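Shown below: upload_21.cif, with mmCIF, C-alpha atoms.
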```cif
data_protein
#
loop_
_atom_site.label_atom_id
_atom_site.label_comp_id
_atom_site.auth_asym_id
_atom_site.auth_seq_id
_atom_site.Cartn_x
_atom_site.Cartn_y
_atom_site.Cartn_z
CA MET A 1 41.62 -21.83 50.72
CA PRO A 2 41.75 -20.98 47.00
CA VAL A 3 44.15 -23.16 45.07
CA ALA A 4 47.34 -21.63 43.78
CA PRO A 5 47.47 -20.64 40.10
CA THR A 6 48.85 -23.28 37.77
CA SER A 7 51.21 -22.71 34.89
CA ASP A 8 49.57 -25.17 32.52
CA THR A 9 47.64 -23.15 29.95
CA SER A 10 47.55 -25.70 27.15
CA ASN A 11 43.82 -26.26 27.53
CA VAL A 12 43.18 -22.53 27.66
CA SER A 13 45.19 -22.04 24.47
CA GLN A 14 43.22 -24.69 22.66
CA MET A 15 39.81 -23.55 23.90
CA GLY A 16 40.37 -19.82 23.54
CA ARG A 17 41.63 -19.89 19.98
CA GLY A 18 39.76 -22.90 18.68
CA ARG A 19 36.22 -22.38 19.94
CA HIS A 20 33.49 -19.83 19.37
CA ALA A 21 31.27 -18.51 22.11
CA GLY A 22 27.96 -20.06 21.04
CA ALA A 23 26.27 -21.32 24.20
CA GLU A 24 29.52 -21.76 26.14
CA GLN A 25 29.67 -20.16 29.56
CA THR A 26 32.57 -18.27 31.06
CA GLN A 27 34.62 -20.55 33.33
CA LEU A 28 36.67 -18.97 36.12
CA GLN A 29 38.93 -20.56 38.70
CA ILE A 30 38.89 -18.21 41.70
CA LEU A 31 42.40 -17.75 43.10
CA GLY A 32 41.53 -15.25 45.83
CA MET A 33 43.89 -12.57 47.12
CA GLN A 34 47.39 -12.78 45.68
CA ARG A 35 50.39 -10.92 47.08
CA ARG A 36 52.87 -9.73 44.46
CA SER A 37 56.55 -10.16 45.29
CA ARG A 38 57.12 -6.56 44.23
CA CYS A 39 55.24 -3.76 42.54
CA GLY A 40 55.80 -3.79 38.78
CA TYR A 41 55.85 0.01 38.67
CA CYS A 42 57.53 1.46 41.76
CA HIS A 43 59.37 -1.84 42.46
CA THR A 44 58.61 -1.73 46.19
CA PRO A 45 58.79 -5.30 47.55
CA ASN A 46 55.66 -6.96 48.96
CA SER A 47 53.63 -3.76 48.62
CA SER A 48 50.95 -4.73 46.14
CA SER A 49 48.14 -7.26 46.13
CA CYS A 50 45.30 -8.21 43.83
CA PHE A 51 42.28 -10.46 43.61
CA GLY A 52 42.92 -13.10 40.96
CA ALA A 53 41.07 -15.58 38.80
CA ARG A 54 42.21 -18.01 36.11
CA ALA A 55 39.97 -17.94 33.05
CA ARG A 56 39.49 -21.31 31.37
CA LEU A 57 36.91 -19.87 28.97
CA LEU A 58 35.89 -16.23 28.77
CA ARG A 59 33.10 -14.73 26.73
CA CYS A 60 34.01 -11.39 25.14
CA SER A 61 30.91 -9.76 26.64
CA ASP A 62 31.90 -11.01 30.10
CA TYR A 63 35.43 -9.67 29.78
CA GLN A 64 33.95 -6.33 28.71
CA ALA A 65 31.96 -6.34 31.96
CA LEU A 66 35.14 -7.13 33.92
CA ILE A 67 37.34 -4.40 32.46
CA ASP A 68 34.51 -1.96 33.16
CA ARG A 69 35.00 -2.94 36.82
CA GLY A 70 38.78 -2.41 36.74
CA TRP A 71 39.97 -5.91 35.81
CA ARG A 72 42.80 -6.68 33.36
CA ARG A 73 44.27 -9.88 32.01
CA SER A 74 47.75 -11.33 31.50
CA GLY A 75 47.32 -14.42 29.37
CA SER A 76 44.61 -16.41 31.12
CA LEU A 77 45.23 -14.72 34.50
CA LEU A 78 42.66 -12.06 35.44
CA TYR A 79 43.53 -9.62 38.21
CA LEU A 80 42.01 -6.69 40.09
CA THR A 81 44.21 -4.51 42.29
CA ASP A 82 43.34 -4.28 45.98
CA HIS A 83 43.72 -0.57 46.70
CA SER A 84 43.42 -1.06 50.44
CA SER A 85 46.94 -2.47 50.61
CA SER A 86 48.73 -1.53 47.38
CA CYS A 87 51.42 1.08 47.02
CA CYS A 88 50.31 2.54 43.68
CA ALA A 89 46.87 3.65 42.52
CA TYR A 90 45.68 1.96 39.33
CA TYR A 91 42.98 3.71 37.31
CA SER A 92 41.58 2.11 34.16
CA ILE A 93 41.77 4.57 31.26
CA ARG A 94 40.03 4.75 27.92
CA THR A 95 39.91 7.13 24.96
CA HIS A 96 36.87 8.13 22.90
CA ALA A 97 38.36 6.96 19.62
CA LEU A 98 35.64 8.53 17.47
CA SER A 99 36.45 11.99 18.86
CA HIS A 100 40.23 11.74 18.92
CA THR A 101 42.11 14.21 16.74
CA LEU A 102 45.79 14.13 15.84
CA GLN A 103 48.09 16.29 17.96
CA HIS A 104 51.05 18.20 16.56
CA SER A 105 53.58 15.56 17.65
CA GLU A 106 51.50 12.80 16.05
CA LYS A 107 51.23 14.69 12.74
CA LYS A 108 55.00 15.19 12.86
CA LEU A 109 55.52 11.45 13.32
CA LEU A 110 53.28 10.63 10.36
CA ARG A 111 55.15 13.11 8.17
CA LYS A 112 58.38 11.36 9.09
CA TRP A 113 56.89 7.97 8.21
CA ARG A 114 55.79 9.29 4.82
CA ARG A 115 59.24 10.68 4.12
CA TRP A 116 60.57 7.17 4.73
CA GLU A 117 57.86 5.80 2.40
CA LEU A 118 56.28 3.84 5.24
CA LEU A 119 52.91 5.54 4.71
CA GLY A 120 50.97 6.68 1.66
CA ASP A 121 50.53 10.29 0.61
CA SER A 122 47.31 11.05 2.54
CA ALA A 123 47.57 14.36 4.34
CA PRO A 124 47.26 14.19 8.12
CA GLY A 125 44.23 15.79 9.75
CA SER A 126 41.12 15.01 11.69
CA ALA A 127 40.37 12.03 9.41
CA LEU A 128 42.59 9.73 11.40
CA ASP A 129 41.83 6.66 9.31
CA SER A 130 43.12 8.07 6.03
CA SER A 131 46.34 9.44 7.54
CA VAL A 132 47.24 6.42 9.64
CA VAL A 133 45.91 3.33 7.92
CA THR A 134 47.19 4.00 4.39
CA ALA A 135 50.34 1.89 4.09
CA GLY A 136 53.25 2.83 1.89
CA ARG A 137 55.62 0.74 -0.14
CA ARG A 138 57.69 -0.37 2.85
CA LEU A 139 54.98 -0.98 5.48
CA VAL A 140 52.50 -3.85 5.64
CA VAL A 141 50.10 -4.29 8.58
CA ARG A 142 48.20 -7.52 9.18
CA LEU A 143 45.52 -8.22 11.78
CA GLU A 144 45.41 -11.92 12.62
CA PRO A 145 44.10 -14.12 15.45
CA ALA A 146 46.55 -14.34 18.35
CA ALA A 147 48.79 -17.33 17.70
CA TYR A 148 52.39 -18.36 18.35
CA SER A 149 55.04 -18.19 15.65
CA GLU A 150 58.80 -18.45 15.94
CA GLU A 151 59.19 -15.15 14.13
CA LYS A 152 57.06 -13.36 16.75
CA TYR A 153 58.90 -15.05 19.62
CA LEU A 154 62.32 -13.95 18.34
CA VAL A 155 61.15 -10.33 18.10
CA PHE A 156 59.69 -10.61 21.63
CA GLU A 157 62.95 -12.07 22.98
CA ARG A 158 65.02 -9.23 21.49
CA TYR A 159 62.56 -6.66 22.85
CA GLN A 160 62.63 -8.11 26.37
CA ARG A 161 66.42 -8.17 26.41
CA ALA A 162 66.91 -4.63 25.10
CA VAL A 163 64.01 -2.81 26.76
CA HIS A 164 63.37 -4.73 30.01
CA ASN A 165 66.77 -6.38 30.56
CA ASP A 166 64.98 -9.74 30.68
CA MET A 167 67.43 -12.45 29.67
CA ASP A 168 65.07 -15.35 30.37
CA ALA A 169 62.19 -14.78 27.95
CA SER A 170 61.16 -18.37 27.16
CA ARG A 171 58.99 -19.65 24.35
CA SER A 172 56.50 -21.14 26.79
CA GLY A 173 56.31 -17.89 28.74
CA PHE A 174 55.73 -15.91 25.55
CA GLN A 175 52.99 -18.28 24.44
CA SER A 176 51.12 -18.23 27.76
CA PHE A 177 51.51 -14.45 28.17
CA LEU A 178 50.70 -13.13 24.71
CA CYS A 179 49.42 -15.96 22.50
CA SER A 180 47.15 -18.13 24.66
CA SER A 181 43.94 -16.22 25.23
CA PRO A 182 40.91 -17.50 27.15
CA LEU A 183 38.62 -15.29 25.04
CA MET A 184 36.19 -17.24 22.87
CA PHE A 185 35.80 -15.81 19.40
CA ASP A 186 32.37 -14.27 18.98
CA ASP A 187 31.12 -13.99 15.40
CA THR A 188 27.67 -12.63 16.26
CA THR A 189 28.61 -9.55 14.21
CA ASP A 190 29.36 -11.79 11.25
CA GLY A 191 29.05 -10.27 7.80
CA ALA A 192 31.16 -9.39 4.80
CA ALA A 193 32.60 -6.26 6.38
CA SER A 194 33.13 -7.97 9.73
CA GLY A 195 34.91 -10.88 8.10
CA ARG A 196 37.17 -8.53 6.20
CA LEU A 197 38.34 -6.79 9.36
CA LEU A 198 37.97 -9.56 11.96
CA SER A 199 38.54 -12.99 10.47
CA ARG A 200 36.90 -14.71 13.46
CA GLY A 201 34.74 -12.05 15.06
CA LEU A 202 35.37 -10.49 18.47
CA GLY A 203 38.35 -11.95 20.34
CA SER A 204 42.13 -11.73 20.74
CA TYR A 205 44.32 -10.62 17.83
CA HIS A 206 47.87 -9.76 16.89
CA GLN A 207 48.35 -6.64 14.78
CA CYS A 208 51.64 -7.33 13.00
CA TYR A 209 53.76 -4.56 11.46
CA TYR A 210 56.17 -5.53 8.68
CA VAL A 211 58.82 -3.14 7.37
CA ASP A 212 60.61 -4.19 4.17
CA GLY A 213 59.28 -7.71 4.70
CA ARG A 214 60.61 -8.00 8.28
CA LEU A 215 58.39 -8.27 11.34
CA ALA A 216 59.05 -4.99 13.18
CA ALA A 217 56.37 -5.03 15.89
CA VAL A 218 53.32 -6.86 17.23
CA GLY A 219 50.42 -5.20 19.01
CA VAL A 220 48.43 -7.64 21.15
CA ILE A 221 44.80 -6.53 21.39
CA ASP A 222 41.38 -7.77 22.49
CA VAL A 223 38.42 -6.73 20.35
CA LEU A 224 35.39 -6.55 22.63
CA PRO A 225 31.73 -5.48 22.27
CA THR A 226 32.40 -1.76 22.90
CA CYS A 227 36.16 -1.35 22.54
CA VAL A 228 39.59 -2.36 21.38
CA SER A 229 41.65 -3.15 24.49
CA SER A 230 45.42 -2.88 24.22
CA VAL A 231 47.20 -5.76 25.97
CA TYR A 232 50.88 -5.36 25.03
CA LEU A 233 53.23 -4.12 22.33
CA PHE A 234 56.65 -5.51 21.55
CA TYR A 235 58.98 -4.52 18.74
CA ASP A 236 62.38 -5.28 17.25
CA PRO A 237 64.87 -2.87 18.89
CA GLU A 238 66.41 -2.25 15.44
CA PHE A 239 63.27 -0.28 14.60
CA SER A 240 63.20 1.78 17.81
CA ASP A 241 63.69 5.06 15.85
CA LEU A 242 60.26 4.60 14.26
CA SER A 243 58.33 5.40 17.49
CA LEU A 244 56.32 2.24 17.01
CA GLY A 245 54.58 2.64 20.36
CA THR A 246 52.99 5.91 19.27
CA TYR A 247 52.16 4.71 15.78
CA SER A 248 50.63 1.45 17.03
CA SER A 249 48.33 3.41 19.36
CA LEU A 250 47.22 5.60 16.46
CA ARG A 251 46.67 2.51 14.39
CA GLU A 252 44.57 0.87 17.11
CA ILE A 253 42.48 4.03 17.51
CA ALA A 254 41.94 3.97 13.76
CA LEU A 255 40.91 0.30 14.03
CA VAL A 256 38.20 1.29 16.53
CA ARG A 257 36.85 3.73 13.96
CA GLU A 258 36.82 1.12 11.24
CA LEU A 259 35.08 -1.40 13.48
CA ASN A 260 32.53 1.21 14.51
CA ARG A 261 31.76 1.94 10.87
CA TYR A 262 31.76 -1.55 9.41
CA VAL A 263 31.19 -4.04 12.26
CA SER A 264 29.25 -2.52 15.17
CA PRO A 265 28.28 1.05 16.14
CA ASP A 266 28.77 0.01 19.79
CA ILE A 267 32.56 -0.19 19.35
CA LYS A 268 33.67 3.34 20.26
CA TYR A 269 36.50 3.19 22.77
CA TYR A 270 40.20 2.44 22.98
CA TYR A 271 41.19 0.94 26.36
CA MET A 272 44.84 1.38 27.32
CA GLY A 273 45.02 -0.56 30.57
CA TYR A 274 46.02 1.32 33.72
CA PHE A 275 46.85 4.98 34.20
CA ILE A 276 49.21 5.14 37.21
CA PRO A 277 49.83 8.76 38.28
CA SER A 278 52.86 7.90 40.43
CA CYS A 279 54.64 6.08 37.59
CA PRO A 280 56.08 8.43 34.92
CA LYS A 281 56.26 5.70 32.27
CA MET A 282 52.49 5.12 32.56
CA THR A 283 51.24 8.73 32.54
CA TYR A 284 51.75 9.11 28.77
CA LYS A 285 48.35 7.45 28.30
CA ALA A 286 46.64 10.67 29.38
CA ARG A 287 47.70 12.38 26.16
CA TRP A 288 45.24 10.40 24.05
CA ARG A 289 42.26 12.71 24.42
CA PRO A 290 39.38 12.81 25.09
CA ALA A 291 40.17 10.35 27.89
CA GLU A 292 38.25 9.02 30.89
CA LEU A 293 39.19 7.24 34.12
CA LEU A 294 37.10 4.57 35.80
CA ASP A 295 35.81 5.36 39.29
CA LEU A 296 36.15 2.10 41.22
CA VAL A 297 33.41 3.07 43.66
CA THR A 298 30.64 4.19 41.32
CA PHE A 299 31.87 2.29 38.20
CA GLU A 300 31.34 5.43 36.16
CA TRP A 301 33.76 6.74 33.55
CA ILE A 302 34.79 10.32 34.42
CA PRO A 303 36.55 12.82 32.09
CA ILE A 304 40.20 12.79 33.05
CA ASP A 305 40.45 16.56 33.55
CA GLN A 306 37.90 16.25 36.35
CA CYS A 307 39.99 13.51 37.97
CA LEU A 308 43.49 14.95 37.95
CA GLU A 309 42.92 17.59 40.64
CA ARG A 310 41.36 14.99 42.95
CA ILE A 311 44.32 12.69 42.31
CA ARG A 312 46.76 15.49 43.19
CA GLN A 313 44.92 15.96 46.49
CA HIS A 314 44.85 12.22 47.26
CA PRO A 315 47.75 10.61 45.36
CA ALA A 316 47.53 7.13 46.90
CA PHE A 317 43.94 6.41 45.86
CA CYS A 318 40.66 8.24 45.57
CA THR A 319 37.15 8.20 44.21
CA PHE A 320 36.15 10.95 41.81
CA ASP A 321 32.63 11.30 43.15
CA PRO A 322 32.46 14.45 45.34
CA ARG A 323 29.27 13.13 46.98
CA ILE A 324 31.21 10.34 48.72
CA SER A 325 33.04 11.08 51.94
CA SER A 326 36.79 10.93 51.46
CA ARG A 327 37.27 9.80 55.05
CA ASN A 328 36.11 6.28 54.17
CA ILE A 329 37.57 5.58 50.77
CA VAL A 330 40.51 7.89 50.14
CA ARG A 331 44.07 6.91 50.92
CA ASN A 332 46.44 9.82 51.50
CA SER A 333 49.65 7.92 52.11
CA ARG A 334 50.99 4.39 52.02
CA ARG A 335 50.46 4.10 55.76
CA ASP A 336 46.74 4.80 55.55
CA VAL A 337 44.41 1.83 55.24
CA LEU A 338 40.99 2.09 53.70
CA SER A 339 38.10 1.22 55.97
CA TRP A 340 36.99 -0.98 53.08
CA ALA A 341 38.54 -1.89 49.78
CA PRO A 342 36.66 -0.63 46.73
CA VAL A 343 35.31 -3.38 44.47
CA ILE A 344 36.70 -6.29 46.47
CA SER A 345 35.12 -5.76 49.90
CA SER A 346 31.84 -7.27 51.06
CA CYS A 347 31.00 -3.80 52.40
CA THR A 348 30.01 -2.91 48.83
CA LEU A 349 27.20 -5.51 48.94
CA ASN A 350 23.78 -4.73 50.38
CA GLY A 351 21.71 -7.26 52.30
CA GLY A 352 20.02 -8.75 49.24
CA GLU A 353 23.32 -9.03 47.38
CA ARG A 354 24.97 -10.74 50.35
CA ARG A 355 22.18 -13.32 50.42
CA ALA A 356 22.54 -13.83 46.67
CA ALA A 357 26.30 -14.30 47.09
CA MET A 358 25.68 -17.16 49.49
CA GLN A 359 23.72 -18.91 46.70
CA LEU A 360 26.62 -18.83 44.22
CA VAL A 361 27.72 -22.29 43.10
CA PHE A 362 31.43 -23.20 43.31
CA TRP A 363 32.84 -26.35 41.71
CA ILE A 364 35.52 -28.39 43.48
CA GLY A 365 36.89 -30.74 40.86
CA PRO A 366 34.84 -31.90 37.84
CA ARG A 367 31.99 -33.57 39.77
CA ASN A 368 31.44 -31.81 43.10
CA SER A 369 29.78 -28.43 43.64
CA VAL A 370 29.01 -26.49 46.80
CA LEU A 371 27.02 -23.35 47.61
CA GLY A 372 28.73 -20.24 48.88
CA SER A 373 26.84 -20.61 52.16
CA ASN A 374 28.40 -24.05 52.68
CA LEU A 375 31.88 -22.69 52.00
CA ALA A 376 31.22 -19.91 54.50
CA CYS A 377 30.44 -22.54 57.17
CA ILE A 378 33.83 -24.21 56.64
CA SER A 379 36.02 -21.22 57.46
CA LYS A 380 36.08 -17.45 57.66
CA ASP A 381 38.72 -17.39 54.91
CA LEU A 382 36.41 -19.20 52.49
CA GLU A 383 33.52 -16.96 53.51
CA GLN A 384 35.69 -13.98 52.62
CA VAL A 385 36.45 -15.51 49.20
CA VAL A 386 32.71 -15.81 48.50
CA TRP A 387 32.13 -12.15 49.40
CA GLN A 388 35.11 -11.01 47.35
CA THR A 389 34.05 -13.07 44.34
CA ALA A 390 30.58 -11.53 44.32
CA ALA A 391 31.87 -7.99 44.91
CA SER A 392 34.70 -8.07 42.39
CA LEU A 393 32.99 -9.89 39.51
CA GLY A 394 29.60 -8.30 40.11
CA LEU A 395 26.65 -10.54 40.92
CA PRO A 396 25.29 -10.80 37.36
CA LEU A 397 28.55 -12.26 36.03
CA ALA A 398 29.27 -14.30 39.18
CA SER A 399 25.81 -15.88 38.88
CA ARG A 400 26.04 -16.89 35.21
CA ALA A 401 29.69 -17.98 35.11
CA ILE A 402 30.96 -21.44 36.04
CA LEU A 403 33.07 -20.83 39.15
CA SER A 404 35.62 -23.19 40.67
CA ILE A 405 38.07 -23.02 43.55
#
```
As structure tokens, what does this structure read like?
Amino acid sequence: MPVAPTSDTSNVSQMGRGRHAGAEQTQLQILGMQRRSRCGYCHTPNSSSCFGARARLLRCSDYQALIDRGWRRSGSLLYLTDHSSSCCAYYSIRTHALSHTLQHSEKKLLRKWRRWELLGDSAPGSALDSSVVTAGRRLVVRLEPAAYSEEKYLVFERYQRAVHNDMDASRSGFQSFLCSSPLMFDDTTDGAASGRLLSRGLGSYHQCYYVDGRLAAVGVIDVLPTCVSSVYLFYDPEFSDLSLGTYSSLREIALVRELNRYVSPDIKYYYMGYFIPSCPKMTYKARWRPAELLDLVTFEWIPIDQCLERIRQHPAFCTFDPRISSRNIVRNSRRDVLSWAPVISSCTLNGGERRAAMQLVFWIGPRNSVLGSNLACISKDLEQVVWQTAASLGLPLASRAILSI
């Protein structure tokens, strides 16, 4: 069976922040299906499961491929929700940053920030960069590689206590969750403009917001080949009146525009993690328009307005492709079970792909490797892990990555 995840991320921290991609391959420890003790959104016990992997090294291009298949990361842990047995439906959401325009509430927030001399005098409008990025006398924003500092930890601790009632936010937990990234910095877009914006190329960064010289908030982001992916935001509760969550999102959308202009024209999107229709605190993400949701059956990004009616009809989980029969892949209640789980099930693999999956190489320890077909001969459970690995990662990534169990 897959080994249980370990808590030691010291090697990941060193490799992710200290090494560049170069010829290094992505290295993934396959953890298999993991049952969560309770859902993080509806808080139902033992009602959510995911397919997990621990990333030792992760190329930015490979993580881009994963999030375009519904994966997300928490530190070095990668996870993909199993919708055949989970209580809530998780849909990856992204915004077309180049087409985003400020809404009335956002313009109102920026006017308030200017009154407080946090922003410069640029008038708000469709030119998001000029109205959001221009700092005033009191605000300084710095984009720096993700790294631990005591100042950041103390802000995180205060945030966890005040916002999430978490009294046990440890330094080691903070470092493994938000500072230790498996992403290898990729400086293939190197140049004067790239170096000015991204000191080490594509990879994991902290966007730090200072007000009157004090650290007010930190936005944890991954800069990838086609997007800026938001990981987490934490802020000092003393600055809660500033609506830092909204401003940080505007700032990250503006960063996408800058990167598109000066670093790579392929960087166009702002990924916000999961849109969860049944969880009120996660539906706010739909307001950043134009937005799209990822269909976990076709792997196509669909305009959100086309998805919402289908979601209302099938609130537990659905595909947005009207050509696909809802009888097979739509859940209508928590009691219903999908005939196969999108993304994770071997039913998504055709005959040629199933044969290719059996040729995947899995490492057991530093010296021993075994083919997927040999694992399948050992037990049905291991055979299932091979199928799930190929289906969830996609065969191109599963074939080029270094896999271990």
field: Test item: the PyMOL selection byres ((chain A and resi 54) around 9) resolved as a PyMOL selection string
entry: chain A and resi 5-6+27-31+52-53+55-56+76-79
Local residues around (38.4, -17.8, 25.7), at most 6 Å away, using all atoms listed in the file, as a list in words: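 Residues found, by chain and rising number: Gly16, Leu57, Leu58, Ser181, Pro182, Leu183 and Met184 of chain A.
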message: Given all atoms listed in the file as the basis, pick out the residue of A:Pro315, A:Gly70, A:Pro322, A:Gly365 nearest to Met272 of chain A.
response: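 Once distances to Met272 of chain A are computed over all atoms listed in the file, the minimum belongs to A:Gly70.
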Proximity check segment 3-119 of chain A to segment 242-246 of chain A, 8 Å, nearest pairs one decimal Å, only C-alpha atoms, as CSV:
```
residue,atom,partner,partner_atom,distance
A:Glu106,CA,A:Thr246,CA,7.7
A:Leu109,CA,A:Ser243,CA,7.9
A:Trp113,CA,A:Leu242,CA,7.7
```
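Of the residues under consideration (A:Cys88, A:Ala357, A:Leu233, A:Ile276), A:Ala357 shows the shortest atom-to-atom contact distance to Gly394 of chain A when counting all atoms listed in the file.
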task: Using the chain letters and residue numbers of this document, give as a ChimeraX atom specification the residues selected by the PyMOL selection byres ((chain A and resi 378-388) around 10).
output: /A:1-2,30-33,51,343-349,353-354,357-362,371-377,389-394,405
query: Could you write out as a PyMOL selection string the residues that the PyMOL selection byres ((chain A and resi 299) around 12) matches in the shown file?
result: chain A and resi 65-71+91-92+292-298+300-302+319-321+342-343+348+392+394
For segment 148-156 of chain A of the structure just presented, write all heavy atoms to a file, as an mmCIF file, in the first residue's frame.
```
data_model
loop_
_atom_site.group_PDB
_atom_site.id
_atom_site.type_symbol
_atom_site.label_atom_id
_atom_site.label_comp_id
_atom_site.auth_asym_id
_atom_site.auth_seq_id
_atom_site.Cartn_x
_atom_site.Cartn_y
_atom_site.Cartn_z
ATOM 1 N N TYR A 148 10.868 31.769 5.216
ATOM 2 C CA TYR A 148 10.431 31.996 6.600
ATOM 3 C C TYR A 148 11.096 33.238 7.172
ATOM 4 O O TYR A 148 12.270 33.526 6.923
ATOM 5 C CB TYR A 148 10.793 30.797 7.462
ATOM 6 C CG TYR A 148 10.461 30.975 8.943
ATOM 7 C CD1 TYR A 148 9.226 30.597 9.428
ATOM 8 C CD2 TYR A 148 11.376 31.553 9.813
ATOM 9 C CE1 TYR A 148 8.904 30.768 10.764
ATOM 10 C CE2 TYR A 148 11.072 31.730 11.156
ATOM 11 C CZ TYR A 148 9.833 31.339 11.639
ATOM 12 O OH TYR A 148 9.528 31.518 12.950
ATOM 13 N N SER A 149 10.332 33.989 7.956
ATOM 14 C CA SER A 149 10.891 35.024 8.827
ATOM 15 C C SER A 149 10.040 35.070 10.089
ATOM 16 O O SER A 149 8.841 34.742 10.053
ATOM 17 C CB SER A 149 10.919 36.396 8.145
ATOM 18 O OG SER A 149 9.629 36.968 8.102
ATOM 19 N N GLU A 150 10.624 35.480 11.174
ATOM 20 C CA GLU A 150 9.884 35.553 12.428
ATOM 21 C C GLU A 150 8.765 36.584 12.345
ATOM 22 O O GLU A 150 7.670 36.387 12.892
ATOM 23 C CB GLU A 150 10.836 35.913 13.571
ATOM 24 C CG GLU A 150 10.216 35.867 14.957
ATOM 25 C CD GLU A 150 9.847 34.457 15.424
ATOM 26 O OE1 GLU A 150 10.225 33.478 14.740
ATOM 27 O OE2 GLU A 150 9.191 34.337 16.474
ATOM 28 N N GLU A 151 9.013 37.656 11.619
ATOM 29 C CA GLU A 151 7.994 38.689 11.457
ATOM 30 C C GLU A 151 6.757 38.124 10.756
ATOM 31 O O GLU A 151 5.620 38.368 11.175
ATOM 32 C CB GLU A 151 8.572 39.855 10.652
ATOM 33 C CG GLU A 151 7.612 41.018 10.462
ATOM 34 C CD GLU A 151 8.211 42.141 9.633
ATOM 35 O OE1 GLU A 151 9.041 41.835 8.743
ATOM 36 O OE2 GLU A 151 7.857 43.304 9.866
ATOM 37 N N LYS A 152 6.965 37.337 9.699
ATOM 38 C CA LYS A 152 5.830 36.728 8.996
ATOM 39 C C LYS A 152 5.103 35.735 9.897
ATOM 40 O O LYS A 152 3.863 35.695 9.923
ATOM 41 C CB LYS A 152 6.314 36.019 7.736
ATOM 42 C CG LYS A 152 6.867 36.929 6.660
ATOM 43 C CD LYS A 152 7.434 36.100 5.507
ATOM 44 C CE LYS A 152 8.127 36.971 4.484
ATOM 45 N NZ LYS A 152 8.776 36.175 3.414
ATOM 46 N N TYR A 153 5.871 34.937 10.637
ATOM 47 C CA TYR A 153 5.224 33.943 11.504
ATOM 48 C C TYR A 153 4.332 34.613 12.544
ATOM 49 O O TYR A 153 3.214 34.157 12.804
ATOM 50 C CB TYR A 153 6.266 33.079 12.203
ATOM 51 C CG TYR A 153 5.663 32.317 13.366
ATOM 52 C CD1 TYR A 153 4.757 31.279 13.142
ATOM 53 C CD2 TYR A 153 5.941 32.689 14.689
ATOM 54 C CE1 TYR A 153 4.158 30.612 14.205
ATOM 55 C CE2 TYR A 153 5.347 32.022 15.758
ATOM 56 C CZ TYR A 153 4.459 30.987 15.509
ATOM 57 O OH TYR A 153 3.854 30.337 16.557
ATOM 58 N N LEU A 154 4.783 35.703 13.152
ATOM 59 C CA LEU A 154 3.999 36.356 14.196
ATOM 60 C C LEU A 154 2.696 36.918 13.633
ATOM 61 O O LEU A 154 1.649 36.873 14.299
ATOM 62 C CB LEU A 154 4.834 37.452 14.857
ATOM 63 C CG LEU A 154 6.042 36.954 15.671
ATOM 64 C CD1 LEU A 154 6.865 38.132 16.193
ATOM 65 C CD2 LEU A 154 5.590 36.067 16.828
ATOM 66 N N VAL A 155 2.741 37.448 12.402
ATOM 67 C CA VAL A 155 1.505 37.906 11.769
ATOM 68 C C VAL A 155 0.587 36.717 11.506
ATOM 69 O O VAL A 155 -0.627 36.774 11.755
ATOM 70 C CB VAL A 155 1.815 38.658 10.464
ATOM 71 C CG1 VAL A 155 0.524 38.964 9.695
ATOM 72 C CG2 VAL A 155 2.565 39.951 10.760
ATOM 73 N N PHE A 156 1.147 35.609 11.002
ATOM 74 C CA PHE A 156 0.369 34.397 10.744
ATOM 75 C C PHE A 156 -0.274 33.876 12.028
ATOM 76 O O PHE A 156 -1.458 33.504 12.025
ATOM 77 C CB PHE A 156 1.285 33.333 10.147
ATOM 78 C CG PHE A 156 0.641 31.979 9.977
ATOM 79 C CD1 PHE A 156 -0.268 31.744 8.956
ATOM 80 C CD2 PHE A 156 0.949 30.944 10.848
ATOM 81 C CE1 PHE A 156 -0.870 30.490 8.796
ATOM 82 C CE2 PHE A 156 0.359 29.687 10.696
ATOM 83 C CZ PHE A 156 -0.553 29.473 9.674
#
```
